[in-house]
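Participant: Structure file target24.txt (compact mmCIF, C-alpha atoms and all ligand atoms) is given on the next line.
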# COMPACT_ATOMS: atom_id res chain seq x y z
CA MET A 27 -7.98 18.01 8.78
CA VAL A 28 -6.84 17.63 12.39
CA GLU A 29 -10.46 17.17 13.32
CA THR A 30 -11.00 14.30 10.89
CA THR A 31 -7.79 12.70 12.09
CA LYS A 32 -9.08 12.92 15.65
CA HIS A 33 -12.47 11.66 14.64
CA ASN A 34 -10.96 8.72 12.79
CA PHE A 35 -8.69 8.03 15.67
CA LEU A 36 -11.58 7.81 18.09
CA LYS A 37 -13.50 5.65 15.64
CA ASN A 38 -10.56 3.26 15.36
CA ARG A 39 -9.74 3.17 19.03
CA CYS A 40 -9.99 -0.31 20.46
CA ASP A 41 -11.96 -0.67 23.65
CA VAL A 42 -11.90 -3.82 25.76
CA ALA A 43 -15.07 -5.18 24.17
CA PHE A 44 -13.61 -4.88 20.69
CA ILE A 45 -10.34 -6.49 21.70
CA LYS A 46 -12.31 -9.42 23.11
CA THR A 47 -14.18 -9.92 19.85
CA PHE A 48 -11.05 -9.43 17.81
CA TYR A 49 -9.08 -11.96 19.84
CA GLN A 50 -11.84 -14.54 19.62
CA LYS A 51 -12.11 -14.16 15.87
CA LEU A 52 -8.38 -14.37 15.48
CA ASN A 53 -8.39 -17.73 17.26
CA GLN A 54 -11.35 -18.83 15.21
CA TYR A 55 -9.54 -17.80 12.04
CA TYR A 56 -6.78 -20.29 12.82
CA ASN A 57 -9.12 -22.95 14.24
CA ILE A 58 -7.63 -22.76 17.69
CA ALA A 59 -9.79 -24.35 20.35
CA PHE A 60 -10.56 -22.86 23.72
CA GLY A 61 -7.74 -23.63 26.17
CA GLU A 62 -5.33 -24.59 23.42
CA LEU A 63 -1.91 -23.07 22.92
CA ASN A 64 -0.92 -23.57 19.33
CA SER A 65 2.61 -22.27 18.94
CA GLN A 66 2.72 -22.83 15.23
CA ILE A 67 3.81 -19.85 13.14
CA PHE A 68 0.95 -18.58 10.99
CA GLN A 69 1.03 -16.35 7.95
CA PHE A 70 -1.28 -13.47 8.65
CA ASP A 71 -3.33 -12.07 5.81
CA LEU A 72 -4.88 -8.98 7.37
CA GLN A 73 -7.12 -8.15 4.44
CA ASP A 74 -8.62 -11.61 4.28
CA PHE A 75 -9.12 -11.59 8.03
CA CYS A 76 -10.77 -8.16 8.03
CA SER A 77 -13.09 -8.92 5.17
CA ARG A 78 -14.12 -12.24 6.70
CA TYR A 79 -15.13 -10.66 10.00
CA LYS A 80 -16.04 -7.20 8.69
CA PHE A 81 -13.41 -5.37 10.72
CA SER A 82 -11.85 -2.06 9.82
CA VAL A 83 -8.22 -2.45 8.78
CA LEU A 84 -6.99 0.41 10.88
CA LYS A 85 -8.87 -0.76 13.96
CA SER A 86 -7.61 -4.31 13.52
CA TYR A 87 -4.11 -3.05 13.14
CA ASN A 88 -4.48 -1.20 16.43
CA ALA A 89 -5.86 -4.31 18.11
CA LEU A 90 -2.90 -6.38 16.93
CA GLN A 91 -0.50 -3.80 18.31
CA ILE A 92 -2.20 -4.04 21.69
CA LEU A 93 -2.18 -7.84 21.77
CA GLU A 94 1.47 -7.84 20.84
CA LYS A 95 2.38 -5.23 23.40
CA GLU A 96 0.64 -7.30 26.07
CA GLY A 97 2.55 -10.43 25.11
CA ILE A 98 -0.50 -12.37 23.95
CA LEU A 99 0.90 -12.89 20.52
CA SER A 100 3.93 -11.91 18.50
CA ILE A 101 3.91 -10.65 15.00
CA ASN A 102 6.96 -10.52 12.82
CA TYR A 103 6.95 -8.09 9.94
CA SER A 104 10.47 -8.71 8.72
CA PHE A 105 9.90 -9.89 5.25
CA SER A 106 12.98 -12.04 5.14
CA LYS A 107 11.31 -14.42 2.79
CA ARG A 108 11.56 -12.62 -0.48
CA SER A 109 10.95 -14.24 -3.80
CA MET A 110 14.07 -15.36 -5.62
CA LEU A 111 14.56 -15.08 -9.34
CA VAL A 112 17.26 -16.08 -11.79
CA ILE A 113 17.18 -15.94 -15.55
CA SER A 114 17.83 -19.45 -16.71
CA CYS A 115 17.76 -19.27 -20.48
CA SER A 116 20.79 -18.49 -22.65
CA GLU A 117 22.10 -15.02 -23.40
CA ASN A 118 20.93 -15.24 -27.01
CA GLU A 119 17.48 -16.28 -25.97
CA ILE A 120 17.12 -13.47 -23.45
CA TYR A 121 18.37 -10.95 -26.02
CA GLU A 122 15.65 -12.16 -28.35
CA LEU A 123 13.02 -12.04 -25.63
CA VAL A 124 13.69 -8.50 -24.40
CA ASN A 125 12.98 -7.26 -27.89
CA THR A 126 10.08 -9.40 -28.93
CA SER A 127 8.43 -11.13 -26.02
CA TYR A 128 5.05 -10.21 -24.65
CA TYR A 129 6.95 -9.82 -21.37
CA LYS A 130 9.67 -7.58 -22.80
CA HIS A 131 9.00 -4.61 -20.53
CA LEU A 132 9.10 -6.79 -17.45
CA LEU A 133 12.27 -8.53 -18.60
CA GLN A 134 13.98 -5.27 -19.51
CA LEU A 135 13.16 -3.82 -16.12
CA ILE A 136 14.42 -6.91 -14.29
CA LEU A 137 17.70 -6.87 -16.20
CA ARG A 138 18.10 -3.16 -15.55
CA THR A 139 17.27 -3.42 -11.86
CA TYR A 140 19.03 -6.57 -10.75
CA GLY A 141 22.60 -6.90 -11.99
CA GLY A 142 23.77 -10.47 -11.86
CA ILE A 143 20.31 -11.91 -12.21
CA THR A 144 21.43 -13.84 -15.29
CA SER A 145 24.06 -15.63 -13.20
CA TYR A 146 22.65 -16.27 -9.75
CA PRO A 147 19.30 -16.25 -7.88
CA THR A 148 18.53 -12.76 -6.65
CA SER A 149 15.87 -11.62 -4.24
CA ILE A 150 13.36 -9.42 -6.01
CA ASP A 151 10.58 -7.09 -4.99
CA GLU A 152 7.44 -7.71 -7.01
CA TYR A 153 5.82 -4.62 -5.63
CA PHE A 154 8.65 -2.41 -6.84
CA LEU A 155 8.51 -3.97 -10.30
CA ALA A 156 4.74 -3.50 -10.42
CA LYS A 157 5.05 0.18 -9.52
CA GLN A 158 7.63 0.80 -12.21
CA LEU A 159 5.51 -0.89 -14.86
CA HIS A 160 2.20 0.55 -13.68
CA TRP A 161 1.01 -3.01 -13.27
CA SER A 162 -0.59 -4.65 -10.27
CA ARG A 163 1.59 -6.86 -8.14
CA SER A 164 -0.45 -9.92 -9.00
CA GLN A 165 0.13 -9.21 -12.69
CA VAL A 166 3.88 -9.29 -12.07
CA VAL A 167 3.61 -12.51 -10.07
CA LYS A 168 1.46 -14.11 -12.76
CA SER A 169 3.87 -13.12 -15.51
CA LEU A 170 6.89 -14.42 -13.61
CA LYS A 171 5.11 -17.71 -12.96
CA GLU A 172 4.38 -17.95 -16.67
CA LEU A 173 8.03 -17.24 -17.55
CA HIS A 174 8.98 -19.91 -15.05
CA LYS A 175 6.71 -22.39 -16.81
CA GLN A 176 8.35 -21.53 -20.11
CA GLU A 177 11.76 -22.17 -18.45
CA ILE A 178 12.94 -18.65 -19.19
CA VAL A 179 13.43 -17.89 -15.50
CA LYS A 180 13.53 -19.84 -12.27
CA TYR A 181 11.08 -18.12 -9.96
CA ASN A 182 10.67 -19.10 -6.35
CA TYR A 183 7.63 -17.17 -5.20
CA LYS A 184 7.17 -16.20 -1.56
CA ASN A 185 4.36 -14.10 -0.33
CA MET A 186 5.15 -11.40 2.16
CA PHE A 187 2.58 -11.84 4.87
CA PRO A 188 3.93 -11.26 8.34
CA GLU A 189 4.16 -14.19 10.71
CA LEU A 190 1.89 -14.44 13.68
CA GLN A 191 2.42 -16.63 16.68
CA PHE A 192 0.24 -17.03 19.76
CA LEU A 193 2.15 -16.84 23.01
CA MET A 194 -0.68 -17.74 25.36
CA ALA A 195 -3.39 -20.35 25.44
CA ARG A 196 -6.75 -19.23 24.17
CA GLU A 197 -8.96 -18.28 27.07
CA ASP A 198 -11.11 -15.71 25.35
CA ASP A 199 -12.47 -13.09 27.72
CA TYR A 200 -10.23 -14.24 30.55
CA THR A 201 -7.12 -13.59 28.45
CA ILE A 202 -8.33 -10.10 27.69
CA ASN A 203 -9.69 -9.32 31.16
CA ARG A 204 -6.17 -9.61 32.49
CA ILE A 205 -5.06 -6.80 30.23
CA ALA A 206 -8.26 -4.77 30.38
CA ARG A 207 -6.77 -2.20 32.72
CA ASN A 208 -3.80 -1.70 30.44
CA ILE A 209 -6.06 -1.29 27.44
CA LYS A 210 -8.05 1.38 29.22
CA GLN A 211 -4.87 3.09 30.30
CA GLN A 212 -3.47 2.98 26.80
CA ASN A 213 -6.62 4.41 25.40
CA THR A 214 -6.26 7.44 27.59
CA LEU A 215 -2.83 7.98 26.09
CA LYS A 216 -4.67 8.72 22.91
CA TYR A 217 -2.10 10.05 20.56
CA ASP A 218 0.69 7.58 21.15
CA LYS A 219 -1.02 4.96 19.15
CA LEU A 220 -2.19 7.37 16.56
CA LYS A 221 1.40 8.37 16.08
CA SER A 222 2.56 4.79 15.77
CA VAL A 223 0.01 4.19 13.06
CA LEU A 224 0.87 7.38 11.28
CA SER A 225 4.57 6.63 11.45
CA LEU A 226 3.94 3.66 9.23
CA ILE A 227 2.27 5.80 6.67
CA ARG A 228 4.95 6.85 4.29
CA ASN A 229 2.84 8.60 1.82
CA SER A 230 0.14 11.14 2.48
CA GLU A 231 -1.48 10.73 -0.92
CA GLU A 232 -2.36 7.08 -0.68
CA CYS A 233 -5.25 5.53 1.22
CA ILE A 234 -4.13 4.73 4.77
CA SER A 235 -5.85 1.33 4.80
CA SER A 236 -4.06 0.41 1.59
CA GLN A 237 -0.75 1.39 3.11
CA ILE A 238 -1.36 -0.69 6.20
CA LEU A 239 -2.44 -3.62 4.06
CA ARG A 240 0.72 -3.35 2.04
CA TYR A 241 2.58 -3.66 5.31
CA PHE A 242 0.64 -6.87 5.71
CA GLY A 243 1.67 -8.19 2.35
CA GLU A 244 -1.48 -7.33 0.48
CA ILE A 245 -0.74 -5.20 -2.51
CA ASP A 246 -3.71 -4.81 -4.81
CA THR A 247 -6.16 -2.94 -2.67
CA LYS A 248 -8.81 -0.38 -3.49
CA PRO A 249 -8.96 2.92 -1.60
CA CYS A 250 -11.18 2.50 1.45
CA GLY A 251 -13.05 5.75 0.91
CA ILE A 252 -13.25 6.55 4.61
CA CYS A 253 -9.72 7.32 5.84
CA ASP A 254 -8.31 10.84 6.02
CA VAL A 255 -6.55 10.58 2.71
CA CYS A 256 -9.58 9.22 0.88
CA GLN A 257 -11.82 11.84 2.41
CA ARG A 258 -9.45 14.62 1.51
CA LYS A 259 -9.16 13.33 -2.04
CA ASN A 260 -12.90 13.09 -2.45
CA THR A 261 -13.48 16.62 -1.28
CA THR A 262 -10.73 18.11 -3.41
CA LYS A 263 -11.46 16.31 -6.67
CA MET A 264 -12.07 18.83 -9.41
CA THR A 265 -13.81 18.32 -12.73
CA SER A 266 -11.77 18.86 -15.88
CA LYS A 267 -13.71 22.05 -16.51
CA GLU A 268 -12.66 23.33 -13.07
CA ILE A 269 -9.06 22.33 -13.67
CA SER A 270 -9.01 24.10 -17.00
CA THR A 271 -10.53 27.29 -15.52
CA LYS A 272 -8.07 27.26 -12.66
CA ILE A 273 -5.06 26.81 -14.96
CA LEU A 274 -6.19 29.67 -17.16
CA ASN A 275 -6.73 31.84 -14.08
CA LEU A 276 -3.29 31.01 -12.72
CA LEU A 277 -1.75 32.02 -16.02
CA LYS A 278 -3.62 35.32 -16.16
CA ASP A 279 -0.97 37.20 -14.24
CA ASN A 280 2.04 34.89 -14.43
CA GLN A 281 3.97 32.64 -16.68
CA LEU A 282 4.33 29.35 -14.88
CA SER A 283 6.37 26.21 -15.38
CA TYR A 284 4.81 22.75 -15.51
CA VAL A 285 5.89 22.06 -11.93
CA GLU A 286 4.47 25.35 -10.72
CA ILE A 287 1.11 24.61 -12.28
CA VAL A 288 0.90 21.03 -11.09
CA GLU A 289 1.61 21.90 -7.48
CA HIS A 290 -1.74 23.67 -7.39
CA PHE A 291 -3.40 20.29 -8.04
CA PRO A 292 -1.70 17.95 -5.59
CA TYR A 293 -4.25 15.14 -5.90
CA GLN A 294 -4.87 15.34 -9.61
CA LYS A 295 -1.48 15.48 -11.19
CA GLU A 296 -2.44 13.22 -14.05
CA GLU A 297 -5.63 15.05 -14.94
CA THR A 298 -3.77 18.36 -14.75
CA THR A 299 -1.04 17.15 -17.08
CA LYS A 300 -3.66 16.00 -19.55
CA MET A 301 -5.43 19.34 -19.32
CA ILE A 302 -2.20 21.27 -19.98
CA GLU A 303 -1.69 19.15 -23.09
CA LEU A 304 -5.24 19.79 -24.20
CA LEU A 305 -4.96 23.55 -23.67
CA LEU A 306 -1.75 23.55 -25.71
CA GLU A 307 -3.41 21.58 -28.46
CA ASN A 308 -6.33 23.97 -28.55
CA ASN A 309 -4.03 26.97 -28.65
CA LYS A 310 -5.34 28.39 -25.41
CA ILE A 311 -1.84 28.45 -23.94
CA VAL A 312 1.66 28.43 -25.40
CA VAL A 313 5.16 27.57 -24.22
CA THR A 314 7.63 30.43 -23.83
CA SER A 315 11.33 30.24 -24.62
CA GLN A 316 11.95 29.71 -20.88
CA GLU A 317 9.78 26.61 -21.01
CA LYS A 318 6.99 28.29 -19.13
CA PHE A 319 3.37 28.39 -20.03
CA GLN A 320 1.47 31.53 -20.80
CA LEU A 321 -1.95 32.45 -22.18
CA LYS A 322 -2.03 32.54 -25.95
CA ASN A 323 -2.88 36.21 -26.28
CA SER A 324 -0.84 37.74 -23.49
ZN ZN A 401 -8.63 5.24 2.47
Just dump the structure as structure tokens.
Facilitator:
Amino acid sequence: MVETTKHNFLKNRCDVAFIKTFYQKLNQYYNIAFGELNSQIFQFDLQDFCSRYKFSVLKSYNALQILEKEGILSINYSFSKRSMLVISCSENEIYELVNTSYYKHLLQLILRTYGGITSYPTSIDEYFLAKQLHWSRSQVVKSLKELHKQEIVKYNYKNMFPELQFLMAREDDYTINRIARNIKQQNTLKYDKLKSVLSLIRNSEECISSQILRYFGEIDTKPCGICDVCQRKNTTKMTSKEISTKILNLLKDNQLSYVEIVEHFPYQKEETTKMIELLLENNKIVVTSQEKFQLKNS
């Protein structure tokens, strides 16, 4: 595990040559000409940028950190611009809708989560709502836009991309050459940056690229398949047959609660839950009076 982290770190380390390419592409991305200082504030969509130029998310994130640290650009992650929502239809109408509408689950959740939303515009978090509903964020956004169209809510949508601003004129290699020594120095302080990236990772069960992209406002991402988390998940994935055998083995000597069983399958909670249900159904295991599971014949 430590070895893959190290390996990935080295793979995602930005050398001077990469920073030069990255910086050039970044200027290209915003159509900034050589020698120009455009001090406009840009919305930065990291995923779009990375897929356009075929850069790794993690490596690009590192490159941005370096450019910011060196004062070449600034990047502002404070998502002050949240979407605002207020329910604009009458109380009777909303009562009707939360029981019958196609959007009832969304509406119920909004009413439960944001007190006062029927009276005044409230800032909402589409990502949070999506998580609760097991929807994608874009599904939530689409639904709210639809409700807006139907005049049930007033929805002022804001995306959450961080803001990027160039602080120096574009001079390509020359810009980077001035900081080349610092980049080399920083790269020898290997783990500092690794730590700063890891500190942003709140959750050790979700793809690291996805987590970084969320930080950059992009919500509906697929696991990258190459980060530590993805690699660990891929190597620990068990088939349902293996899960079933392991559960039965665990219960050979002990009665175990649901939580105690599931903690043996940290990356496959859902599959494990389903398997427990199936084993119960097939009378392979039973529930004791203490709400623990045991083998049927023990
Ligand atoms: Zn990943």
Participant: Figure out the distance between atom CA of A:Met186 and atom CA of A:Gly142, please, to one decimal in Å.
Facilitator: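 Answer for the atom CA of A:Gly142 to atom CA of A:Met186 separation: 23.3 Å.
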Participant: With only C-alpha atoms as the atoms that count, which of A:Gln191, A:Thr139, A:Asn182, A:Ser164 lies nearest to A:Leu52?
Facilitator: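 So, comparing all the options, the nearest one is A:Gln191.
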Participant: What are the closest atom pairs, with distances in Å to one decimal, for all residues of chain A lying within 9 Å of ligand ZN 401 (chain A)? Consider all atoms listed in the file, order rows by chain and residue number, and present the result as JSON lines.
Facilitator:
{"residue": "A:Glu232", "atom": "CA", "partner": "A:ZN401", "partner_atom": "ZN", "distance": 7.3}
{"residue": "A:Cys233", "atom": "CA", "partner": "A:ZN401", "partner_atom": "ZN", "distance": 3.6}
{"residue": "A:Ile234", "atom": "CA", "partner": "A:ZN401", "partner_atom": "ZN", "distance": 5.1}
{"residue": "A:Ser235", "atom": "CA", "partner": "A:ZN401", "partner_atom": "ZN", "distance": 5.3}
{"residue": "A:Ser236", "atom": "CA", "partner": "A:ZN401", "partner_atom": "ZN", "distance": 6.7}
{"residue": "A:Gln237", "atom": "CA", "partner": "A:ZN401", "partner_atom": "ZN", "distance": 8.8}
{"residue": "A:Lys248", "atom": "CA", "partner": "A:ZN401", "partner_atom": "ZN", "distance": 8.2}
{"residue": "A:Pro249", "atom": "CA", "partner": "A:ZN401", "partner_atom": "ZN", "distance": 4.7}
{"residue": "A:Cys250", "atom": "CA", "partner": "A:ZN401", "partner_atom": "ZN", "distance": 3.9}
{"residue": "A:Gly251", "atom": "CA", "partner": "A:ZN401", "partner_atom": "ZN", "distance": 4.7}
{"residue": "A:Ile252", "atom": "CA", "partner": "A:ZN401", "partner_atom": "ZN", "distance": 5.3}
{"residue": "A:Cys253", "atom": "CA", "partner": "A:ZN401", "partner_atom": "ZN", "distance": 4.1}
{"residue": "A:Asp254", "atom": "CA", "partner": "A:ZN401", "partner_atom": "ZN", "distance": 6.6}
{"residue": "A:Val255", "atom": "CA", "partner": "A:ZN401", "partner_atom": "ZN", "distance": 5.7}
{"residue": "A:Cys256", "atom": "CA", "partner": "A:ZN401", "partner_atom": "ZN", "distance": 4.4}
{"residue": "A:Gln257", "atom": "CA", "partner": "A:ZN401", "partner_atom": "ZN", "distance": 7.3}
Participant: Please provide as number ranges by chain all residues within 8 Å of A:Ile202, with the sequence filter that same-chain residues fewer than 5 positions apart are discarded (counting only C-alpha atoms).
Facilitator: A: 42, 45-46
Participant: Atom CA of A:Tyr129 and atom CA of A:Ser145 are how many Å apart?
Facilitator: 19.8 Å
